[in-house]
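Below: start26.cif (mmCIF, C-alpha atoms)
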```cif
data_final
#
loop_
_atom_site.label_atom_id
_atom_site.label_comp_id
_atom_site.auth_asym_id
_atom_site.auth_seq_id
_atom_site.Cartn_x
_atom_site.Cartn_y
_atom_site.Cartn_z
CA MET A 1006 0.00 0.00 0.00
CA SER A 1007 1.49 3.36 -1.02
CA ALA A 1008 2.04 5.99 1.66
CA PRO A 1009 -0.49 8.47 0.21
CA HIS A 1010 -3.13 5.75 -0.09
CA ALA A 1011 -2.51 4.49 3.45
CA HIS A 1012 -2.71 8.08 4.70
CA ALA A 1013 -6.08 8.65 3.01
CA LEU A 1014 -7.41 5.30 4.19
CA ARG A 1015 -6.42 6.04 7.78
CA ARG A 1016 -8.26 9.34 7.74
CA ALA A 1017 -11.36 7.83 6.16
CA ARG A 1018 -11.55 4.98 8.65
CA ALA A 1019 -10.68 7.14 11.64
CA ALA A 1020 -13.44 9.56 10.67
CA ALA A 1021 -15.91 6.70 10.28
CA GLN A 1022 -14.90 5.76 13.83
CA LEU A 1023 -15.59 9.34 15.04
CA LEU A 1024 -11.97 9.83 16.10
CA HIS A 1025 -12.16 13.38 14.74
CA ARG A 1026 -14.87 14.04 17.36
CA PRO A 1027 -17.19 15.91 15.03
CA ARG A 1028 -19.69 16.77 17.75
CA ALA A 1029 -20.72 16.14 21.30
CA ALA A 1030 -22.57 12.85 21.52
CA GLY A 1031 -24.13 10.67 24.16
CA VAL A 1032 -23.05 7.16 25.09
CA ALA A 1033 -25.83 5.44 23.14
CA ASP A 1034 -25.12 7.58 20.05
CA VAL A 1035 -21.44 6.64 19.93
CA VAL A 1036 -22.17 2.96 20.57
CA ALA A 1037 -24.81 2.97 17.82
CA ARG A 1038 -22.32 4.45 15.34
CA LEU A 1039 -19.77 1.73 16.09
CA LEU A 1040 -22.55 -0.90 16.38
CA ALA A 1041 -20.62 -2.86 19.04
CA VAL A 1042 -17.60 -1.99 21.19
CA GLN A 1043 -15.42 -4.78 22.55
CA ALA A 1044 -15.93 -4.77 26.31
CA GLN A 1045 -14.22 -7.66 28.08
CA ASP A 1046 -12.40 -4.80 29.83
CA LEU A 1047 -15.13 -2.32 30.74
CA ARG A 1048 -12.64 0.37 31.73
CA ALA A 1049 -11.17 0.19 28.24
CA ALA A 1050 -14.63 0.32 26.66
CA ARG A 1051 -15.39 3.49 28.60
CA LEU A 1052 -12.17 5.05 27.34
CA ALA A 1053 -13.01 4.04 23.77
CA LEU A 1054 -16.18 6.13 24.00
CA ARG A 1055 -14.23 9.02 25.53
CA ALA A 1056 -11.99 9.10 22.47
CA ARG A 1057 -15.01 9.67 20.21
CA ALA A 1058 -17.09 12.34 21.92
CA THR A 1059 -16.42 15.53 23.82
CA GLY A 1060 -17.73 16.05 27.31
CA LEU A 1061 -18.29 12.42 28.27
CA ALA A 1062 -17.38 11.10 31.70
CA ALA A 1063 -16.90 7.50 32.77
CA ALA A 1064 -19.94 8.00 34.98
CA ASP A 1065 -22.02 8.72 31.86
CA VAL A 1066 -21.21 5.25 30.56
CA ASP A 1067 -22.15 3.71 33.90
CA ALA A 1068 -25.39 5.69 33.94
CA ALA A 1069 -26.25 4.46 30.45
CA LEU A 1070 -25.74 0.89 31.66
CA THR A 1071 -27.38 1.22 35.06
CA ASP A 1072 -30.04 3.93 34.97
CA GLU A 1073 -30.97 4.50 31.33
CA ARG A 1074 -30.49 0.88 30.24
CA SER A 1075 -29.72 2.30 26.79
CA VAL A 1076 -26.71 -0.01 26.37
CA VAL A 1077 -25.83 -3.48 27.64
CA VAL A 1078 -22.86 -5.84 27.49
CA ALA A 1079 -23.31 -9.27 25.92
CA TRP A 1080 -21.33 -11.98 24.17
CA LEU A 1081 -21.86 -11.21 20.48
CA GLY A 1082 -19.57 -11.30 17.44
CA ARG A 1083 -16.50 -13.53 17.72
CA GLY A 1084 -17.79 -14.85 21.05
CA THR A 1085 -16.44 -11.76 22.81
CA LEU A 1086 -18.12 -9.36 25.22
CA HIS A 1087 -19.37 -6.24 23.44
CA LEU A 1088 -21.07 -3.05 24.53
CA VAL A 1089 -24.13 -2.61 22.31
CA GLY A 1090 -27.30 -0.55 22.14
CA ARG A 1091 -30.44 -2.09 23.61
CA GLU A 1092 -32.24 -1.91 20.24
CA ASP A 1093 -29.37 -3.65 18.47
CA TYR A 1094 -28.80 -6.37 21.05
CA PRO A 1095 -31.72 -8.68 20.09
CA TRP A 1096 -31.02 -8.96 16.37
CA LEU A 1097 -27.24 -9.06 16.77
CA LEU A 1098 -27.54 -11.88 19.30
CA ALA A 1099 -29.94 -13.85 17.08
CA LEU A 1100 -27.61 -13.35 14.11
CA THR A 1101 -24.29 -14.21 15.77
CA ALA A 1102 -25.08 -16.64 18.61
CA PRO A 1103 -25.81 -19.71 16.42
CA THR A 1104 -22.23 -19.65 15.16
CA ARG A 1105 -20.91 -19.95 18.74
CA PHE A 1106 -22.82 -22.87 20.25
CA ALA A 1107 -20.58 -25.64 18.91
CA THR A 1108 -17.47 -23.81 20.07
CA SER A 1109 -19.07 -23.20 23.46
CA ALA A 1110 -19.92 -26.87 23.95
CA ARG A 1111 -16.44 -27.95 22.90
CA ARG A 1112 -14.75 -25.49 25.26
CA LEU A 1113 -16.97 -26.46 28.19
CA GLY A 1114 -16.15 -30.10 27.53
CA GLN A 1115 -12.45 -29.26 27.64
CA LEU A 1116 -13.07 -27.59 31.01
CA GLY A 1117 -14.80 -30.69 32.38
CA VAL A 1118 -18.40 -29.44 32.08
CA GLY A 1119 -20.68 -31.83 30.22
CA PRO A 1120 -23.90 -30.90 28.38
CA GLY A 1121 -26.10 -31.85 31.32
CA ASP A 1122 -24.26 -29.65 33.79
CA ALA A 1123 -24.13 -26.84 31.24
CA ASP A 1124 -27.92 -26.93 30.91
CA ARG A 1125 -28.31 -27.03 34.70
CA ALA A 1126 -26.05 -23.99 35.00
CA VAL A 1127 -28.12 -22.01 32.51
CA ARG A 1128 -31.30 -22.89 34.39
CA GLU A 1129 -29.65 -21.83 37.63
CA VAL A 1130 -28.64 -18.47 36.12
CA GLU A 1131 -32.23 -17.88 35.07
CA ARG A 1132 -33.62 -18.95 38.45
CA ALA A 1133 -31.09 -17.00 40.52
CA LEU A 1134 -31.43 -13.78 38.53
CA ALA A 1135 -35.22 -13.99 38.62
CA ALA A 1136 -35.19 -14.46 42.39
CA ASP A 1137 -32.20 -12.43 43.55
CA GLY A 1138 -30.71 -10.49 40.63
CA PRO A 1139 -28.77 -8.50 39.71
CA LEU A 1140 -25.86 -10.82 40.59
CA THR A 1141 -22.15 -10.66 39.85
CA ARG A 1142 -19.99 -13.37 38.35
CA PRO A 1143 -18.62 -14.51 41.76
CA GLN A 1144 -22.14 -14.68 43.16
CA LEU A 1145 -23.32 -16.82 40.26
CA ALA A 1146 -20.23 -19.00 40.59
CA GLU A 1147 -21.29 -19.70 44.20
CA ARG A 1148 -24.70 -20.79 42.92
CA PHE A 1149 -23.06 -23.16 40.43
CA ALA A 1150 -20.79 -24.64 43.09
CA ALA A 1151 -23.74 -25.19 45.41
CA LYS A 1152 -25.35 -27.29 42.66
CA GLY A 1153 -22.19 -29.34 42.20
CA ILE A 1154 -21.36 -27.71 38.86
CA ARG A 1155 -17.68 -27.21 38.08
CA THR A 1156 -16.44 -23.60 38.39
CA GLU A 1157 -12.66 -24.03 38.28
CA GLY A 1158 -10.53 -22.19 35.75
CA GLN A 1159 -12.60 -20.61 33.01
CA ALA A 1160 -15.64 -22.83 33.58
CA THR A 1161 -17.73 -20.09 35.21
CA ALA A 1162 -17.01 -17.61 32.44
CA HIS A 1163 -17.98 -20.07 29.73
CA LEU A 1164 -21.15 -21.12 31.56
CA LEU A 1165 -22.19 -17.48 31.83
CA MET A 1166 -21.36 -17.03 28.15
CA LEU A 1167 -23.67 -19.91 27.33
CA ALA A 1168 -26.48 -18.33 29.34
CA ALA A 1169 -25.90 -15.08 27.45
CA LEU A 1170 -25.76 -16.80 24.05
CA ARG A 1171 -29.13 -18.38 24.84
CA GLY A 1172 -30.57 -14.93 25.50
CA ILE A 1173 -31.09 -15.49 29.21
CA ALA A 1174 -28.70 -12.92 30.68
CA VAL A 1175 -26.85 -9.73 29.85
CA LEU A 1176 -24.38 -7.64 31.80
CA GLY A 1177 -26.08 -4.44 32.84
CA PRO A 1178 -25.88 -2.36 36.01
CA ILE A 1179 -22.71 -1.16 37.70
CA ARG A 1180 -22.82 -1.72 41.46
CA ASP A 1181 -21.49 0.67 44.08
CA ASP A 1182 -18.31 -1.42 44.37
CA GLY A 1183 -17.66 -0.98 40.63
CA ALA A 1184 -18.56 -4.54 39.64
CA GLN A 1185 -20.90 -5.09 36.71
CA ALA A 1186 -23.81 -7.43 37.41
CA PHE A 1187 -25.75 -9.91 35.33
CA VAL A 1188 -29.49 -9.40 34.87
CA LEU A 1189 -32.26 -11.28 33.07
CA ALA A 1190 -32.43 -9.93 29.54
CA ARG A 1191 -36.21 -10.15 29.43
CA ASP A 1192 -36.63 -8.17 32.65
CA TRP A 1193 -33.89 -5.62 32.09
CA LEU A 1194 -34.84 -4.81 28.50
CA GLY A 1195 -38.55 -5.52 28.63
CA ALA A 1196 -38.59 -8.59 26.39
CA ALA A 1197 -36.56 -11.71 25.75
CA PRO A 1198 -34.47 -11.65 22.57
CA PRO A 1199 -35.81 -13.81 19.73
CA GLU A 1200 -34.50 -17.34 19.47
CA ARG A 1201 -34.26 -16.96 15.71
CA LEU A 1202 -34.57 -14.17 13.18
CA ASP A 1203 -37.76 -13.75 11.19
CA ASP A 1204 -35.72 -12.34 8.30
CA ARG A 1205 -32.05 -13.27 8.43
CA ASP A 1206 -31.37 -11.62 5.06
CA ALA A 1207 -32.63 -8.30 6.39
CA ALA A 1208 -30.43 -8.68 9.48
CA LEU A 1209 -27.37 -9.33 7.32
CA ALA A 1210 -28.18 -6.22 5.30
CA GLU A 1211 -28.50 -4.15 8.47
CA LEU A 1212 -25.24 -5.59 9.78
CA ALA A 1213 -23.45 -4.60 6.59
CA ARG A 1214 -24.96 -1.11 6.57
CA ARG A 1215 -24.17 -0.40 10.19
CA TYR A 1216 -20.69 -1.91 10.05
CA LEU A 1217 -19.85 0.26 7.07
CA ALA A 1218 -21.11 3.38 8.84
CA GLY A 1219 -18.52 2.94 11.58
CA HIS A 1220 -15.73 1.23 9.64
CA GLY A 1221 -15.83 2.06 5.94
CA PRO A 1222 -14.07 1.74 3.55
CA VAL A 1223 -13.85 -2.06 3.90
CA ALA A 1224 -13.54 -5.36 2.09
CA PRO A 1225 -16.02 -8.21 2.65
CA ALA A 1226 -13.34 -10.10 4.57
CA ASP A 1227 -13.20 -7.23 7.08
CA LEU A 1228 -16.89 -7.57 7.88
CA ALA A 1229 -16.54 -11.34 8.23
CA ALA A 1230 -13.55 -11.02 10.56
CA TRP A 1231 -15.20 -8.36 12.71
CA SER A 1232 -18.56 -10.09 13.04
CA GLY A 1233 -17.31 -13.67 13.32
CA LEU A 1234 -19.73 -14.70 10.57
CA PRO A 1235 -18.75 -16.67 7.45
CA LEU A 1236 -17.48 -14.71 4.46
CA ARG A 1237 -20.55 -15.79 2.48
CA ASP A 1238 -22.76 -14.01 5.02
CA ALA A 1239 -20.67 -10.84 4.80
CA ARG A 1240 -20.93 -10.87 1.02
CA ALA A 1241 -24.68 -11.52 1.17
CA GLY A 1242 -25.21 -8.56 3.48
CA LEU A 1243 -23.17 -6.25 1.28
CA LYS A 1244 -24.92 -7.46 -1.85
CA ALA A 1245 -28.29 -6.70 -0.26
CA ILE A 1246 -27.34 -3.02 0.11
CA ALA A 1247 -25.45 -2.73 -3.18
CA SER A 1248 -27.51 0.30 -4.24
CA GLU A 1249 -26.22 2.18 -1.17
CA LEU A 1250 -22.54 1.46 -1.84
CA ALA A 1251 -19.70 3.02 -3.78
CA GLN A 1252 -16.85 0.96 -5.22
CA ARG A 1253 -13.44 2.58 -4.76
CA ASP A 1254 -10.42 2.39 -7.02
CA ASP A 1255 -8.59 0.28 -4.40
CA ASP A 1256 -11.34 -2.40 -4.53
CA LEU A 1257 -12.69 -1.39 -1.13
CA ILE A 1258 -16.32 -0.41 -0.72
CA ASP A 1259 -18.01 2.28 1.29
CA LEU A 1260 -21.37 3.91 1.80
CA ALA A 1261 -22.06 6.22 -1.11
CA ALA A 1262 -23.57 8.83 1.22
CA ARG A 1263 -20.34 9.38 3.14
CA ASP A 1264 -19.19 12.82 4.27
CA PRO A 1265 -15.64 13.68 3.16
CA ALA A 1266 -12.94 12.81 5.67
CA PRO A 1267 -11.38 15.75 7.54
CA ASP A 1268 -7.96 17.06 6.60
CA ALA A 1269 -6.45 15.71 9.82
CA ILE A 1270 -7.37 13.44 12.73
CA PRO A 1271 -6.50 14.71 16.22
CA ALA A 1272 -3.88 12.94 18.29
CA CYS A 1273 -5.54 10.36 20.48
CA LEU A 1274 -4.88 7.95 23.33
CA LEU A 1275 -6.84 4.82 22.45
CA PRO A 1276 -7.41 2.19 25.12
CA ALA A 1277 -6.63 -1.51 24.97
CA PHE A 1278 -8.92 -3.38 22.55
CA ASP A 1279 -10.02 -0.13 20.90
CA PRO A 1280 -12.39 -0.57 17.91
CA TYR A 1281 -9.99 1.35 15.66
CA LEU A 1282 -7.46 -1.44 16.10
CA LEU A 1283 -9.97 -4.31 15.95
CA GLY A 1284 -12.35 -3.31 13.19
CA TRP A 1285 -10.59 -4.80 10.15
CA LYS A 1286 -8.87 -8.03 9.22
CA ASP A 1287 -5.61 -6.18 8.50
CA ARG A 1288 -4.63 -3.30 10.80
CA SER A 1289 -1.40 -2.41 8.96
CA PHE A 1290 -3.00 0.77 7.59
CA ALA A 1291 -2.88 2.15 11.16
CA VAL A 1292 0.01 0.25 12.77
CA PRO A 1293 3.41 0.21 11.05
CA ALA A 1294 4.56 -3.36 10.45
CA GLU A 1295 7.78 -2.84 12.36
CA HIS A 1296 5.81 -1.94 15.49
CA ALA A 1297 2.94 -4.40 15.14
CA ARG A 1298 4.17 -6.70 17.91
CA ARG A 1299 4.36 -3.82 20.35
CA VAL A 1300 0.68 -3.09 19.78
CA HIS A 1301 -0.47 -6.69 19.39
CA PRO A 1302 1.97 -8.88 21.33
CA GLY A 1303 -0.13 -12.03 20.97
CA GLY A 1304 -2.21 -14.07 23.36
CA GLY A 1305 -5.32 -12.08 22.50
CA MET A 1306 -3.87 -8.86 23.87
CA LEU A 1307 -4.12 -5.47 22.16
CA ARG A 1308 -2.35 -2.68 24.00
CA ALA A 1309 -3.46 0.88 24.61
CA THR A 1310 -2.10 2.87 21.68
CA ALA A 1311 -1.29 6.50 20.92
CA THR A 1312 -2.19 7.71 17.42
CA VAL A 1313 -1.43 10.86 15.47
CA ASP A 1314 -3.55 11.51 12.38
CA GLY A 1315 -4.77 7.92 12.68
CA LEU A 1316 -1.28 6.37 12.72
CA ALA A 1317 -0.02 4.47 15.77
CA VAL A 1318 3.04 6.25 17.18
CA GLY A 1319 3.40 4.50 20.53
CA THR A 1320 1.73 2.65 23.35
CA TRP A 1321 0.75 3.93 26.77
CA THR A 1322 -0.08 2.81 30.28
CA ALA A 1323 -1.56 4.62 33.26
CA PRO A 1324 0.01 3.24 36.43
CA GLY A 1325 -1.55 5.00 39.39
CA GLY A 1326 -3.67 7.07 37.02
CA ASP A 1327 -0.77 8.97 35.42
CA VAL A 1328 -0.33 8.32 31.70
CA LYS A 1329 3.07 7.00 30.67
CA LEU A 1330 3.72 7.24 26.93
CA GLU A 1331 6.13 4.85 25.21
CA PRO A 1332 6.67 6.27 21.70
CA PHE A 1333 7.97 4.10 18.88
CA GLY A 1334 10.43 6.83 17.91
CA ARG A 1335 10.58 10.56 17.38
CA LEU A 1336 7.09 12.03 17.48
CA PRO A 1337 5.78 14.42 14.81
CA ARG A 1338 5.91 18.12 15.59
CA GLY A 1339 3.29 19.11 18.11
CA ALA A 1340 2.32 15.53 18.84
CA ARG A 1341 3.77 15.35 22.34
CA ARG A 1342 1.84 18.42 23.45
CA ALA A 1343 -1.36 17.09 21.90
CA LEU A 1344 -0.90 13.71 23.55
CA GLN A 1345 -0.23 15.39 26.88
CA ALA A 1346 -3.57 17.16 26.54
CA GLU A 1347 -5.11 13.77 25.85
CA ALA A 1348 -3.43 12.38 28.96
CA ASP A 1349 -4.94 15.18 31.03
CA GLU A 1350 -8.36 14.36 29.61
CA VAL A 1351 -7.96 10.64 30.31
CA ARG A 1352 -7.11 11.50 33.90
CA GLY A 1353 -10.16 13.72 34.27
CA PHE A 1354 -12.49 11.31 32.50
CA THR A 1355 -12.69 8.87 35.37
CA SER A 1356 -13.26 11.56 38.01
CA ALA A 1357 -15.78 13.76 36.17
CA ARG A 1358 -19.44 13.64 37.09
CA PRO A 1359 -22.10 12.58 34.59
CA SER A 1360 -22.90 15.24 32.00
#
```
With the file now loaded, output its structure as structure tokens.
Amino acid sequence: MSAPHAHALRRARAAAQLLHRPRAAGVADVVARLLAVQAQDLRAARLALRARATGLAAADVDAALTDERSVVVAWLGRGTLHLVGREDYPWLLALTAPTRFATSARRLGQLGVGPGDADRAVREVERALAADGPLTRPQLAERFAAKGIRTEGQATAHLLMLAALRGIAVLGPIRDDGAQAFVLARDWLGAAPPERLDDRDAALAELARRYLAGHGPVAPADLAAWSGLPLRDARAGLKAIASELAQRDDDLIDLAARDPAPDAIPACLLPAFDPYLLGWKDRSFAVPAEHARRVHPGGGMLRATATVDGLAVGTWTAPGGDVKLEPFGRLPRGARRALQAEADEVRGFTSARPS
């Protein structure tokens, strides 16, 4: 990929991701634009929203989860926890969950949990949440253990995933101690998610449309990799909205009704597992190949990353709350000052009150 083309692609994708912060936006608005935000680390998910809207506080995200119920966390694409809007949760679950059941059963078997105990655990989740919910993961693990169901290692996590894949539970409210609790999906959101889609073709079309809104330009393989669905499904969804698309000279596709990308993307401190570094099959447009292992060291990890005009220029940590930047090399002019301003905002984000 030539440097000018990579530069233009970075700006287009970063703008689709709202990293130019075009306006103040609420939690649900940002989540809806991205469709789903990886959230196995809720602190990181909060910071991902911070990077895309002005004026947000971490408490706003917690309020959206706890008080407004406008967003929830559930196991969706790729069998990973995602923050998603309440309106998008039912159809995304019905579309993606069927691809995960075989993997779930196999992994539970490897952990020593047979099908019978797995079913008992799901029933116990439903019973316990109906009677005593919301409940945290450790509290539900105690319920499993009391029933003689294995909880060692990752067994509890995979049993809770199974309950979520079956539409029984979602992660919703944040408790006073900071822990996120499981709730019954049907109670928390007002209705149980459908077991199957009435119109799977329409759901694939909506998936393609919404994915493009927050990630375009893309290739079909990008949509497949992001969603965890087969490539044939990605192609079917894109074909269904062909009249809404524009074919680019580089063989990527985008929504035809796309605003032009800005001339520059502000410097940004992106958290671990940020959507900008997870949204495409190949992230080399944003992360130089010689630094790829520093951003993605393996083992499923994706480090917090500093970007300038959409290009990764370093990683960062925040021990004790103070941001420590580890640049890959000499930073562009003005970048250090801009990243310091970002560091100040990251520090204030967690202490600010809801807007």
Contact table range 1081-1180 of chain A vs range 1016-1040 of chain A, cut-off 12 Å, shortest pair per residue, only C-alpha atoms, as JSON lines:
```
{"residue": "A:Leu1081", "atom": "CA", "partner": "A:Leu1040", "partner_atom": "CA", "distance": 11.1}
{"residue": "A:Gly1082", "atom": "CA", "partner": "A:Leu1040", "partner_atom": "CA", "distance": 10.9}
{"residue": "A:His1087", "atom": "CA", "partner": "A:Leu1040", "partner_atom": "CA", "distance": 9.4}
{"residue": "A:Leu1088", "atom": "CA", "partner": "A:Val1036", "partner_atom": "CA", "distance": 7.3}
{"residue": "A:Val1089", "atom": "CA", "partner": "A:Val1036", "partner_atom": "CA", "distance": 6.2}
{"residue": "A:Gly1090", "atom": "CA", "partner": "A:Ala1037", "partner_atom": "CA", "distance": 6.1}
{"residue": "A:Arg1091", "atom": "CA", "partner": "A:Ala1033", "partner_atom": "CA", "distance": 8.8}
{"residue": "A:Glu1092", "atom": "CA", "partner": "A:Ala1037", "partner_atom": "CA", "distance": 9.2}
{"residue": "A:Asp1093", "atom": "CA", "partner": "A:Leu1040", "partner_atom": "CA", "distance": 7.6}
{"residue": "A:Tyr1094", "atom": "CA", "partner": "A:Leu1040", "partner_atom": "CA", "distance": 9.5}
{"residue": "A:Trp1096", "atom": "CA", "partner": "A:Leu1040", "partner_atom": "CA", "distance": 11.7}
{"residue": "A:Leu1097", "atom": "CA", "partner": "A:Leu1040", "partner_atom": "CA", "distance": 9.4}
```
Distance of CA of Thr1310 in chain A from CA of Ala1277 in chain A, expressed in Å to one decimal place |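 Those two atoms sit 7.1 Å apart.
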Using the chain letters and numbers from the file, give me the residues hit by the PyMOL selection byres ((chain A and resi 1299) around 9), as a ChimeraX atom specification.
-> /A:1295-1298,1300-1302,1307-1308,1319-1320,1333
Using the chain letters and numbers from the file, which residues does the PyMOL selection byres ((chain A and resi 1200) around 8) grab, as a PyMOL selection string?
-> chain A and resi 1099+1171-1172+1198-1199+1201-1202
Restricting to all atoms listed in the file, whichever of A:Leu1344, A:Leu1282, A:Val1318, A:Val1313 is closest to Trp1231 in chain A is A:Leu1282
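With distances restricted to all atoms listed in the file, A:Arg1214 is the closest residue to Leu1260 in chain A from A:Pro1225, A:Arg1214, A:Pro1293, A:Ala1272.
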Given the file above and the PyMOL selection byres ((chain A and resi 1176) around 9), which residues are selected, and can you give them as a list in words?
->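 On this input, the PyMOL selection byres ((chain A and resi 1176) around 9) captures Leu1070, Val1077, Val1078, Ala1079, Thr1141, Ala1169, Ala1174, Val1175, Gly1177, Pro1178, Ile1179, Gln1185, Ala1186, Phe1187, Val1188, Leu1189 and Ala1190 of chain A.
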